[in-house]
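Engineer: Take a look at target-v3.txt, compact mmCIF, C-alpha atoms and all ligand atoms:
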# COMPACT_ATOMS: atom_id res chain seq x y z
CA MET Q 1 17.20 39.07 9.43
CA THR Q 2 20.36 39.61 11.46
CA ARG Q 3 20.84 43.18 12.53
CA GLY Q 4 23.69 45.03 10.90
CA ILE Q 5 23.79 42.84 7.82
CA LYS Q 6 22.44 44.63 4.79
CA PRO Q 7 20.27 42.66 2.38
CA PRO Q 8 21.87 42.28 -1.08
CA PRO Q 9 21.04 45.19 -3.39
CA ASP Q 10 18.00 44.65 -5.54
CA PRO Q 11 19.21 44.32 -9.18
CA ILE Q 12 16.30 46.21 -10.77
CA LEU Q 13 16.54 48.97 -8.21
CA GLU Q 14 20.29 49.22 -8.78
CA ALA Q 15 19.68 49.42 -12.53
CA LEU Q 16 17.11 52.15 -11.97
CA ARG Q 17 19.52 54.11 -9.80
CA LEU Q 18 22.13 53.84 -12.55
CA ALA Q 19 19.56 54.84 -15.17
CA ALA Q 20 19.02 58.04 -13.21
CA THR Q 21 22.60 59.10 -14.06
CA ASP Q 22 22.70 58.74 -17.83
CA GLU Q 23 20.23 59.42 -20.62
CA ARG Q 24 21.14 56.41 -22.80
CA ILE Q 25 21.02 53.97 -19.86
CA ALA Q 26 17.68 55.53 -18.84
CA ALA Q 27 16.19 55.04 -22.31
CA GLU Q 28 17.38 51.43 -22.47
CA PHE Q 29 16.16 50.70 -18.94
CA LEU Q 30 12.66 52.01 -19.73
CA GLU Q 31 12.63 50.19 -23.08
CA ALA Q 32 13.46 46.92 -21.35
CA ARG Q 33 10.72 47.44 -18.75
CA ARG Q 34 8.21 48.32 -21.43
CA TRP Q 35 8.98 45.85 -24.17
CA GLY Q 36 11.24 43.20 -22.70
CA ASP Q 37 13.32 41.93 -25.61
CA GLN Q 38 10.64 42.56 -28.23
CA PRO Q 39 10.15 46.26 -29.01
CA ALA Q 40 6.89 46.93 -30.82
CA CYS Q 41 5.33 49.91 -32.56
CA PRO Q 42 3.02 51.67 -30.07
CA ARG Q 43 0.77 52.77 -32.93
CA CYS Q 44 0.21 49.68 -35.06
CA GLY Q 45 1.63 46.92 -32.84
CA ALA Q 46 4.10 45.69 -35.48
CA VAL Q 47 7.30 44.11 -34.20
CA ALA Q 48 9.16 44.94 -37.42
CA VAL Q 49 10.91 47.93 -35.90
CA TYR Q 50 14.48 49.16 -35.70
CA SER Q 51 16.38 51.65 -33.57
CA MET Q 52 17.65 54.66 -35.49
CA ARG Q 53 21.41 55.02 -35.43
CA SER Q 54 23.98 57.46 -36.69
CA ALA Q 55 26.71 56.50 -39.20
CA ASP Q 56 29.01 55.41 -36.37
CA GLY Q 57 26.38 53.04 -34.97
CA GLU Q 58 25.40 55.17 -31.98
CA ARG Q 59 21.73 55.42 -30.98
CA ASN Q 60 20.04 58.57 -32.24
CA LYS Q 61 20.03 61.26 -29.56
CA ASP Q 62 16.30 61.02 -28.84
CA HIS Q 63 16.53 57.21 -28.84
CA ARG Q 64 14.03 56.94 -31.65
CA TRP Q 65 12.73 53.84 -33.33
CA ARG Q 66 11.09 53.46 -36.70
CA CYS Q 67 8.31 51.05 -37.64
CA ARG Q 68 8.70 49.22 -40.96
CA GLU Q 69 4.93 48.70 -41.20
CA CYS Q 70 3.45 52.16 -40.62
CA LYS Q 71 6.77 53.97 -41.34
CA ARG Q 72 6.33 56.18 -38.29
CA MET Q 73 8.88 57.02 -35.63
CA PHE Q 74 8.38 56.45 -31.93
CA THR Q 75 10.27 56.41 -28.65
CA VAL Q 76 9.75 54.72 -25.30
CA ARG Q 77 7.74 57.81 -24.31
CA THR Q 78 5.13 57.36 -27.04
CA GLY Q 79 1.70 56.52 -25.61
CA THR Q 80 2.76 56.90 -21.96
CA VAL Q 81 2.54 59.59 -19.27
CA LEU Q 82 6.07 60.59 -20.32
CA GLU Q 83 4.97 61.61 -23.77
CA GLU Q 84 4.00 65.26 -23.46
CA SER Q 85 7.16 66.45 -21.73
CA ARG Q 86 10.74 67.07 -22.73
CA ILE Q 87 12.04 66.29 -19.24
CA PRO Q 88 15.05 63.97 -19.70
CA LEU Q 89 14.35 60.27 -19.12
CA ARG Q 90 17.06 60.04 -16.46
CA HIS Q 91 15.03 62.45 -14.28
CA TRP Q 92 11.96 60.28 -14.75
CA CYS Q 93 14.04 57.31 -13.60
CA HIS Q 94 15.31 59.24 -10.60
CA ALA Q 95 11.80 60.27 -9.61
CA PHE Q 96 10.44 56.74 -10.07
CA TRP Q 97 13.29 55.39 -7.99
CA ARG Q 98 12.73 57.90 -5.18
CA ALA Q 99 8.94 57.54 -5.28
CA VAL Q 100 9.03 53.77 -4.90
CA SER Q 101 11.97 53.33 -2.57
CA SER Q 102 11.23 55.95 0.09
CA LYS Q 103 8.78 54.91 2.76
CA LYS Q 104 7.14 58.28 3.24
CA GLY Q 105 7.26 59.43 -0.36
CA VAL Q 106 9.27 62.22 -1.84
CA SER Q 107 8.34 65.85 -2.45
CA ALA Q 108 8.71 67.82 -5.66
CA LEU Q 109 11.09 70.15 -3.82
CA GLN Q 110 13.45 67.26 -3.07
CA ILE Q 111 13.30 66.05 -6.68
CA SER Q 112 13.96 69.58 -7.92
CA ARG Q 113 17.11 69.82 -5.77
CA GLU Q 114 18.37 66.33 -6.53
CA CYS Q 115 17.89 66.51 -10.31
CA ARG Q 116 18.73 70.23 -10.52
CA ILE Q 117 15.55 70.93 -12.44
CA SER Q 118 13.02 73.69 -11.87
CA TYR Q 119 10.43 73.22 -9.14
CA LYS Q 120 7.78 73.47 -11.84
CA SER Q 121 9.32 70.59 -13.81
CA ALA Q 122 9.69 68.52 -10.65
CA LEU Q 123 6.05 69.14 -9.75
CA TYR Q 124 5.00 68.11 -13.24
CA LEU Q 125 7.05 64.94 -12.94
CA MET Q 126 5.66 63.96 -9.55
CA HIS Q 127 2.08 64.62 -10.64
CA ARG Q 128 2.58 62.36 -13.63
CA ILE Q 129 4.06 59.60 -11.51
CA ARG Q 130 1.12 59.89 -9.10
CA ALA Q 131 -1.26 59.78 -12.05
CA ALA Q 132 0.60 56.73 -13.33
CA VAL Q 133 0.27 54.71 -10.15
CA SER Q 134 -3.37 55.60 -9.53
CA ASP Q 135 -5.87 52.97 -10.56
CA LYS Q 136 -7.95 53.53 -13.64
CA PRO Q 137 -11.71 53.30 -13.07
CA GLY Q 138 -12.55 49.61 -12.88
CA GLU Q 139 -8.93 48.66 -12.19
CA ALA Q 140 -9.26 48.33 -8.41
CA ALA Q 141 -10.48 45.00 -7.05
CA LYS Q 142 -13.48 44.61 -4.69
CA LEU Q 143 -12.59 44.36 -1.03
CA SER Q 144 -14.02 41.51 1.04
CA GLY Q 145 -13.64 39.60 4.31
CA THR Q 146 -13.34 41.97 7.26
CA VAL Q 147 -13.23 45.59 6.14
CA GLU Q 148 -12.56 48.64 8.32
CA MET Q 149 -13.87 52.09 7.38
CA ASP Q 150 -12.99 55.43 8.93
CA ALA Q 151 -12.41 59.06 8.07
CA THR Q 152 -9.52 61.39 8.76
CA TRP Q 153 -8.86 65.04 8.07
CA VAL Q 154 -5.64 66.09 6.35
CA GLY Q 155 -4.06 69.49 5.89
CA GLY Q 156 -4.70 71.00 9.31
CA LYS Q 157 -3.40 70.55 12.82
CA PRO Q 158 -2.92 66.97 14.00
CA ARG Q 159 -5.95 65.64 15.79
CA TYR Q 160 -5.84 65.04 19.48
CA LYS Q 161 -7.36 62.17 21.36
CA GLY Q 162 -10.51 63.20 23.15
CA ILE Q 163 -11.32 66.02 20.77
CA SER Q 164 -13.95 65.19 18.21
CA LYS Q 165 -12.35 64.92 14.80
CA ARG Q 166 -15.58 65.85 13.09
CA GLY Q 167 -16.51 69.37 12.11
CA ARG Q 168 -13.02 70.75 12.52
CA GLY Q 169 -11.65 73.72 10.58
CA THR Q 170 -12.83 73.97 7.01
CA LYS Q 171 -9.25 74.05 5.72
CA ASN Q 172 -8.93 70.37 6.47
CA ALA Q 173 -9.87 68.02 3.69
CA PRO Q 174 -11.77 64.89 4.69
CA VAL Q 175 -10.34 61.57 3.54
CA PHE Q 176 -12.42 58.41 3.68
CA GLY Q 177 -10.43 55.19 4.09
CA ILE Q 178 -11.46 51.60 3.50
CA VAL Q 179 -9.12 48.73 4.28
CA GLU Q 180 -9.48 44.98 4.05
CA ARG Q 181 -7.68 43.30 6.96
CA GLY Q 182 -4.62 41.64 5.42
CA GLY Q 183 -5.54 43.19 2.08
CA GLU Q 184 -5.68 46.45 0.22
CA LEU Q 185 -6.38 50.03 1.16
CA ARG Q 186 -8.57 52.57 -0.65
CA LEU Q 187 -8.33 56.28 0.13
CA ASN Q 188 -10.85 58.77 -1.18
CA ALA Q 189 -10.86 62.54 -0.97
CA VAL Q 190 -14.50 63.49 -0.30
CA GLU Q 191 -16.30 66.81 -0.05
CA ARG Q 192 -17.80 65.93 3.33
CA ILE Q 193 -18.55 62.81 5.33
CA THR Q 194 -22.13 61.75 4.74
CA SER Q 195 -23.74 58.42 4.07
CA LYS Q 196 -24.25 59.47 0.46
CA THR Q 197 -20.66 60.62 -0.25
CA LEU Q 198 -19.24 57.51 1.42
CA LYS Q 199 -21.42 55.16 -0.60
CA ALA Q 200 -20.34 56.95 -3.80
CA ALA Q 201 -16.68 56.70 -2.76
CA ILE Q 202 -17.02 52.97 -2.02
CA ALA Q 203 -18.51 52.37 -5.47
CA ALA Q 204 -15.91 54.55 -7.22
CA SER Q 205 -13.00 52.76 -5.56
CA GLY Q 206 -13.93 49.24 -6.64
CA GLY Q 207 -16.66 48.45 -4.12
CA VAL Q 208 -16.93 45.90 -1.31
CA ASP Q 209 -18.26 42.38 -1.63
CA PRO Q 210 -21.84 41.94 -0.26
CA THR Q 211 -20.57 39.21 2.14
CA THR Q 212 -18.21 41.68 3.85
CA ARG Q 213 -18.12 42.15 7.61
CA LEU Q 214 -17.80 45.84 8.43
CA MET Q 215 -15.93 47.48 11.32
CA SER Q 216 -16.33 51.18 11.98
CA ASP Q 217 -16.86 53.66 14.77
CA GLU Q 218 -20.39 54.56 15.82
CA GLY Q 219 -20.77 57.30 13.19
CA THR Q 220 -24.31 57.32 11.79
CA GLU Q 221 -23.01 57.53 8.21
CA PHE Q 222 -21.88 53.91 8.43
CA ILE Q 223 -25.27 52.47 9.47
CA GLY Q 224 -26.79 52.22 6.00
CA ILE Q 225 -23.55 50.87 4.53
CA GLY Q 226 -23.40 48.17 7.23
CA ARG Q 227 -27.03 47.15 6.73
CA ALA Q 228 -26.35 46.24 3.11
CA LEU Q 229 -23.58 43.83 4.10
CA ALA Q 230 -24.32 40.19 4.91
CA GLY Q 231 -21.25 39.82 7.12
CA GLY Q 232 -22.66 42.20 9.71
CA HIS Q 233 -21.52 45.52 11.12
CA GLN Q 234 -19.67 45.94 14.40
CA THR Q 235 -18.85 49.31 15.89
CA VAL Q 236 -16.18 50.53 18.25
CA LYS Q 237 -17.58 53.00 20.76
CA HIS Q 238 -14.94 55.71 20.76
CA LYS Q 239 -17.13 58.05 22.82
CA ALA Q 240 -17.11 55.48 25.60
CA LYS Q 241 -13.27 55.42 25.30
CA GLU Q 242 -13.47 51.96 23.83
CA TYR Q 243 -10.87 51.22 21.18
CA VAL Q 244 -10.62 47.44 20.96
CA ARG Q 245 -13.13 44.73 21.83
CA GLY Q 246 -11.61 41.44 20.67
CA GLU Q 247 -11.79 41.36 16.91
CA VAL Q 248 -13.82 44.54 16.89
CA HIS Q 249 -11.43 47.39 16.21
CA ASN Q 250 -10.36 49.91 13.62
CA ASN Q 251 -6.63 49.54 14.23
CA THR Q 252 -5.72 48.70 10.63
CA ILE Q 253 -7.28 51.79 9.12
CA GLU Q 254 -6.06 53.98 11.98
CA GLY Q 255 -2.52 52.64 11.44
CA ALA Q 256 -2.72 53.53 7.75
CA PHE Q 257 -4.04 57.01 8.62
CA SER Q 258 -1.23 57.65 11.04
CA ILE Q 259 1.40 56.87 8.35
CA LEU Q 260 -0.55 59.11 5.98
CA GLN Q 261 -0.61 61.95 8.52
CA ARG Q 262 3.13 61.62 9.20
CA GLY Q 263 3.74 61.85 5.45
CA VAL Q 264 1.54 64.92 5.17
CA TYR Q 265 3.23 66.77 8.04
CA GLY Q 266 6.75 65.54 7.36
CA THR Q 267 7.33 65.39 3.65
CA PHE Q 268 4.52 67.38 2.16
CA HIS Q 269 4.09 70.54 4.15
CA SER Q 270 0.80 71.31 2.57
CA ILE Q 271 -1.19 69.54 -0.02
CA SER Q 272 -3.81 71.49 -1.89
CA ARG Q 273 -7.24 69.96 -2.21
CA LYS Q 274 -6.71 69.85 -5.95
CA HIS Q 275 -3.66 67.60 -5.65
CA LEU Q 276 -4.93 65.53 -2.74
CA PRO Q 277 -6.42 62.69 -4.86
CA ARG Q 278 -3.12 62.06 -6.62
CA TYR Q 279 -1.20 62.18 -3.38
CA LEU Q 280 -3.63 59.69 -1.88
CA ALA Q 281 -3.22 57.47 -4.94
CA GLU Q 282 0.54 57.43 -4.46
CA PHE Q 283 0.15 56.61 -0.78
CA GLU Q 284 -2.37 53.89 -1.56
CA PHE Q 285 -0.01 52.39 -4.15
CA ARG Q 286 2.86 52.31 -1.67
CA TYR Q 287 0.65 50.77 1.03
CA ASN Q 288 -0.83 48.12 -1.26
CA THR Q 289 2.57 47.06 -2.56
CA ARG Q 290 4.24 47.06 0.87
CA LYS Q 291 4.81 43.29 0.83
CA LEU Q 292 6.58 43.41 -2.55
CA SER Q 293 10.25 44.03 -3.09
CA ASP Q 294 11.34 47.45 -4.31
CA SER Q 295 12.07 46.04 -7.74
CA GLU Q 296 8.64 44.46 -8.06
CA ARG Q 297 7.16 47.80 -7.07
CA VAL Q 298 9.28 49.65 -9.65
CA GLY Q 299 8.19 47.19 -12.33
CA ILE Q 300 4.53 47.73 -11.50
CA ALA Q 301 4.86 51.53 -11.32
CA ILE Q 302 6.56 51.75 -14.69
CA ARG Q 303 4.16 49.30 -16.30
CA LYS Q 304 1.25 51.29 -14.91
CA ALA Q 305 2.75 54.48 -16.39
CA GLN Q 306 2.32 52.94 -19.80
CA GLY Q 307 -0.70 50.91 -18.90
CA LYS Q 308 -2.82 54.00 -19.37
CA ARG Q 309 -2.99 52.48 -22.83
CA LEU Q 310 -2.87 48.79 -23.65
CA LEU Q 311 0.70 47.76 -24.28
CA TYR Q 312 1.86 45.37 -26.88
CA ALA Q 313 3.93 43.47 -24.30
CA ASP Q 314 0.89 43.13 -22.03
CA GLN Q 315 -1.30 42.11 -24.94
CA VAL Q 316 1.09 39.29 -25.82
CA ALA Q 317 1.46 38.14 -22.23
CA GLY Q 318 -2.33 38.27 -21.81
CA ARG Q 319 -2.06 40.59 -18.79
ZN ZN Q 401 3.77 50.92 -36.76
If you took the structure in this file and wrote it as structure tokens, what would it be?
Ligand SMILES: [Zn+2]
Structural biologist:
Amino acid sequence: MTRGIKPPPDPILEALRLAATDERIAAEFLEARRWGDQPACPRCGAVAVYSMRSADGERNKDHRWRCRECKRMFTVRTGTVLEESRIPLRHWCHAFWRAVSSKKGVSALQISRECRISYKSALYLMHRIRAAVSDKPGEAAKLSGTVEMDATWVGGKPRYKGISKRGRGTKNAPVFGIVERGGELRLNAVERITSKTLKAAIAASGGVDPTTRLMSDEGTEFIGIGRALAGGHQTVKHKAKEYVRGEVHNNTIEGAFSILQRGVYGTFHSISRKHLPRYLAEFEFRYNTRKLSDSERVGIAIRKAQGKRLLYADQVAGR
């Protein structure tokens, strides 16, 4: 790409930005993402539905629909993470837009200022969006090929080269990372780094294929994991100041950790242990969709927000 020439604006992203300014546009934007051109009843699946309108033909203020089959009313919120709140849809659109289009993520404080909503509402919104983009159990695919594993500690002082990262202050929360070279990343908040907790985290985050070739540092907790893999286990000897030996390195996972750490220190001044898994899920989502366009990422995020239940549109498309 030539420097100085901006790429053309992404149409979906532009539509989302516009949706963040007006409640009716927001409702219609989310409806289009959810149903395409065939709205369906979220309760019984019927497509015999109509939008409720006032005498002058305007959409009803809550943008309600009614199902001719089960006679019940619904909105685009029904059956999604948006359902239990009264936060206007335009703020959801704004938060979705900011969450997917900013490289380092966006904090609840920023959303609260930008939407002029309470910090509490903004926090609620961001937690829901993080919940939306996190994978359901069984949703994440197995990693394979060459896989790097490493641990990092978030929430304390940055780590310095030469100082052991293990056994640092108890305020820091350990995060176990697994990345397939050229593929996806899995981040897991764990109680402590042991062979047992790591094995459990690997299983819980989709697992690794038995043919995998493992790269890690010389930590003893990786030995048993490596033995179970047919592709072999190579270690980088950090204690001997060795960081790369040909193909043997942990640069991919360390690169992901350094972006994570910058996000933690820059955008999110502190993340409580309680909220860490959701924050990691959001980071993981952004990392794993990094090769997609912003609009593809928005589409996936919004679909996932509803995907917490099977959608009619997805059912029809066989997704
Ligand atoms: Zn119905």
Engineer: Using only C-alpha atoms and all ligand atoms, find each protein or nucleic acid residue lying at most 12 Å from ligand ZN 401 (chain Q); present the set as a ChimeraX atom specification.
Structural biologist: /Q:39-50,65-75,78,312
Engineer: Excluding Q:Leu82 and residues on its chain fewer than 2 positions from it, collect all residues at most 9 Å away from it, counting all atoms listed in the file, and give them as a VMD selection string.
Structural biologist: chain Q and resid 76 to 80 84 to 87 89 92 125 128 305 to 306
Engineer: Rounded to one decimal in Å, what is the spacing between atom CA of Q:Ala20 and atom CA of Q:His94?
Structural biologist: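 One can read the atom CA of Q:Ala20 to atom CA of Q:His94 distance as 4.7 Å.
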Engineer: Interatomic distance between atom CA of Q:Gly177 and atom CA of Q:Met149?
Structural biologist: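 According to the coordinates, atom CA of Q:Gly177 and atom CA of Q:Met149 are separated by 5.7 Å.
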Engineer: Counting all atoms listed in the file, which of Q:Val208, Q:Ile193, Q:Ala95, Q:Ala200 gets nearest to Q:Thr152?
Structural biologist: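 When distances to Q:Thr152 are compared using all atoms listed in the file, the smallest one comes from Q:Ile193.
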Engineer: Show which residues sit within 9 Å of Q:Ser134, as a short mmCIF file (atom, residue, chain, number, x, y, z; two decimals) with C-alpha atoms, in the frame of the given file. Count all atoms listed in the file, and ignore same-chain residues fewer than 6 positions away.
Structural biologist:
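After the write, out_26.cif holds the following:
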data_model
loop_
_atom_site.label_atom_id
_atom_site.label_comp_id
_atom_site.auth_asym_id
_atom_site.auth_seq_id
_atom_site.Cartn_x
_atom_site.Cartn_y
_atom_site.Cartn_z
CA ARG Q 278 -3.12 62.06 -6.62
CA LEU Q 280 -3.63 59.69 -1.88
CA ALA Q 281 -3.22 57.47 -4.94
CA GLU Q 282 0.54 57.43 -4.46
CA GLU Q 284 -2.37 53.89 -1.56
CA PHE Q 285 -0.01 52.39 -4.15
CA LYS Q 304 1.25 51.29 -14.91
#
Engineer: Which residue, Q:Arg303, Q:Arg273, Q:Lys291, Q:His249, has the smallest gap to Q:His233 when you use all atoms listed in the file?
Structural biologist: Q:His249
Engineer: Tell me, in Å to one decimal, how far atom CA of Q:Met215 is from atom CA of Q:Arg262.
Structural biologist: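 Atom CA of Q:Met215 sits 23.8 Å away from atom CA of Q:Arg262.
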Engineer: Show me the residues close to (0.6, 47.0, -1.6) - anything with an atom within 12 Å, counting all atoms listed in the file - and format the list as a compact mmCIF listing (two decimals) with C-alpha atoms, in the coordinates of the input.
Structural biologist:
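To be explicit, this is the file written out as selection.txt:
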# COMPACT_ATOMS: atom_id res chain seq x y z
CA VAL Q 100 9.03 53.77 -4.90
CA VAL Q 133 0.27 54.71 -10.15
CA VAL Q 179 -9.12 48.73 4.28
CA GLU Q 180 -9.48 44.98 4.05
CA GLY Q 182 -4.62 41.64 5.42
CA GLY Q 183 -5.54 43.19 2.08
CA GLU Q 184 -5.68 46.45 0.22
CA LEU Q 185 -6.38 50.03 1.16
CA ARG Q 186 -8.57 52.57 -0.65
CA ALA Q 256 -2.72 53.53 7.75
CA ALA Q 281 -3.22 57.47 -4.94
CA GLU Q 282 0.54 57.43 -4.46
CA PHE Q 283 0.15 56.61 -0.78
CA GLU Q 284 -2.37 53.89 -1.56
CA PHE Q 285 -0.01 52.39 -4.15
CA ARG Q 286 2.86 52.31 -1.67
CA TYR Q 287 0.65 50.77 1.03
CA ASN Q 288 -0.83 48.12 -1.26
CA THR Q 289 2.57 47.06 -2.56
CA ARG Q 290 4.24 47.06 0.87
CA LYS Q 291 4.81 43.29 0.83
CA LEU Q 292 6.58 43.41 -2.55
CA SER Q 293 10.25 44.03 -3.09
CA ASP Q 294 11.34 47.45 -4.31
CA GLU Q 296 8.64 44.46 -8.06
CA ARG Q 297 7.16 47.80 -7.07
CA ILE Q 300 4.53 47.73 -11.50
CA ALA Q 301 4.86 51.53 -11.32
Engineer: With a distance cut-off of 8 Å and all atoms listed in the file, select the neighbouring residues of Q:Trp97, excluding the residue or stretch itself and same-chain residues fewer than 4 positions from it, and output the selection as a PDB file with C-alpha atoms, in the coordinates of the input.
Structural biologist:
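Result file follows (result24.pdb):
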ATOM      1  CA  LEU Q  13      16.540  48.970  -8.210  1.00  0.00           C
ATOM      2  CA  LEU Q  16      17.110  52.150 -11.970  1.00  0.00           C
ATOM      3  CA  ARG Q  17      19.520  54.110  -9.800  1.00  0.00           C
ATOM      4  CA  CYS Q  93      14.040  57.310 -13.600  1.00  0.00           C
ATOM      5  CA  SER Q 101      11.970  53.330  -2.570  1.00  0.00           C
ATOM      6  CA  VAL Q 298       9.280  49.650  -9.650  1.00  0.00           C
TER       7      VAL Q 298
END
Engineer: Complete the atom set of stretch 208-227 of chain Q to N, CA and C atoms and return it as an mmCIF file, in the frame of the given file.
Structural biologist:
data_model
loop_
_atom_site.group_PDB
_atom_site.id
_atom_site.type_symbol
_atom_site.label_atom_id
_atom_site.label_comp_id
_atom_site.auth_asym_id
_atom_site.auth_seq_id
_atom_site.Cartn_x
_atom_site.Cartn_y
_atom_site.Cartn_z
ATOM 1 N N VAL Q 208 -17.180 46.981 -2.270
ATOM 2 C CA VAL Q 208 -16.930 45.900 -1.310
ATOM 3 C C VAL Q 208 -17.901 44.768 -1.608
ATOM 4 N N ASP Q 209 -17.434 43.560 -1.384
ATOM 5 C CA ASP Q 209 -18.260 42.380 -1.630
ATOM 6 C C ASP Q 209 -19.463 42.380 -0.681
ATOM 7 N N PRO Q 210 -20.643 41.938 -1.133
ATOM 8 C CA PRO Q 210 -21.840 41.940 -0.260
ATOM 9 C C PRO Q 210 -21.702 41.048 0.986
ATOM 10 N N THR Q 211 -20.747 40.093 0.972
ATOM 11 C CA THR Q 211 -20.570 39.210 2.140
ATOM 12 C C THR Q 211 -19.671 39.833 3.209
ATOM 13 N N THR Q 212 -19.173 41.038 2.954
ATOM 14 C CA THR Q 212 -18.210 41.680 3.850
ATOM 15 C C THR Q 212 -18.747 41.898 5.256
ATOM 16 N N ARG Q 213 -17.820 41.803 6.227
ATOM 17 C CA ARG Q 213 -18.120 42.150 7.610
ATOM 18 C C ARG Q 213 -17.479 43.513 7.866
ATOM 19 N N LEU Q 214 -18.284 44.472 8.299
ATOM 20 C CA LEU Q 214 -17.800 45.840 8.430
ATOM 21 C C LEU Q 214 -17.451 46.206 9.872
ATOM 22 N N MET Q 215 -16.336 46.912 10.031
ATOM 23 C CA MET Q 215 -15.930 47.480 11.320
ATOM 24 C C MET Q 215 -15.849 48.990 11.145
ATOM 25 N N SER Q 216 -16.460 49.722 12.054
ATOM 26 C CA SER Q 216 -16.330 51.180 11.980
ATOM 27 C C SER Q 216 -16.550 51.742 13.374
ATOM 28 N N ASP Q 217 -16.455 53.070 13.498
ATOM 29 C CA ASP Q 217 -16.860 53.660 14.770
ATOM 30 C C ASP Q 217 -18.377 53.854 14.735
ATOM 31 N N GLU Q 218 -18.928 54.515 15.735
ATOM 32 C CA GLU Q 218 -20.390 54.560 15.820
ATOM 33 C C GLU Q 218 -21.017 55.674 14.979
ATOM 34 N N GLY Q 219 -20.238 56.254 14.063
ATOM 35 C CA GLY Q 219 -20.770 57.300 13.190
ATOM 36 C C GLY Q 219 -22.026 56.840 12.436
ATOM 37 N N THR Q 220 -23.037 57.710 12.395
ATOM 38 C CA THR Q 220 -24.310 57.320 11.790
ATOM 39 C C THR Q 220 -24.182 57.074 10.277
ATOM 40 N N GLU Q 221 -23.167 57.689 9.664
ATOM 41 C CA GLU Q 221 -23.010 57.530 8.210
ATOM 42 C C GLU Q 221 -22.655 56.097 7.808
ATOM 43 N N PHE Q 222 -22.250 55.288 8.776
ATOM 44 C CA PHE Q 222 -21.880 53.910 8.430
ATOM 45 C C PHE Q 222 -23.057 52.930 8.557
ATOM 46 N N ILE Q 223 -24.147 53.387 9.181
ATOM 47 C CA ILE Q 223 -25.270 52.470 9.470
ATOM 48 C C ILE Q 223 -25.854 51.843 8.208
ATOM 49 N N GLY Q 224 -26.187 52.723 7.240
ATOM 50 C CA GLY Q 224 -26.790 52.220 6.000
ATOM 51 C C GLY Q 224 -25.846 51.322 5.220
ATOM 52 N N ILE Q 225 -24.555 51.676 5.240
ATOM 53 C CA ILE Q 225 -23.550 50.870 4.530
ATOM 54 C C ILE Q 225 -23.492 49.474 5.164
ATOM 55 N N GLY Q 226 -23.486 49.431 6.495
ATOM 56 C CA GLY Q 226 -23.400 48.170 7.230
ATOM 57 C C GLY Q 226 -24.620 47.285 7.001
ATOM 58 N N ARG Q 227 -25.799 47.919 6.924
ATOM 59 C CA ARG Q 227 -27.030 47.150 6.730
ATOM 60 C C ARG Q 227 -27.037 46.362 5.431
#
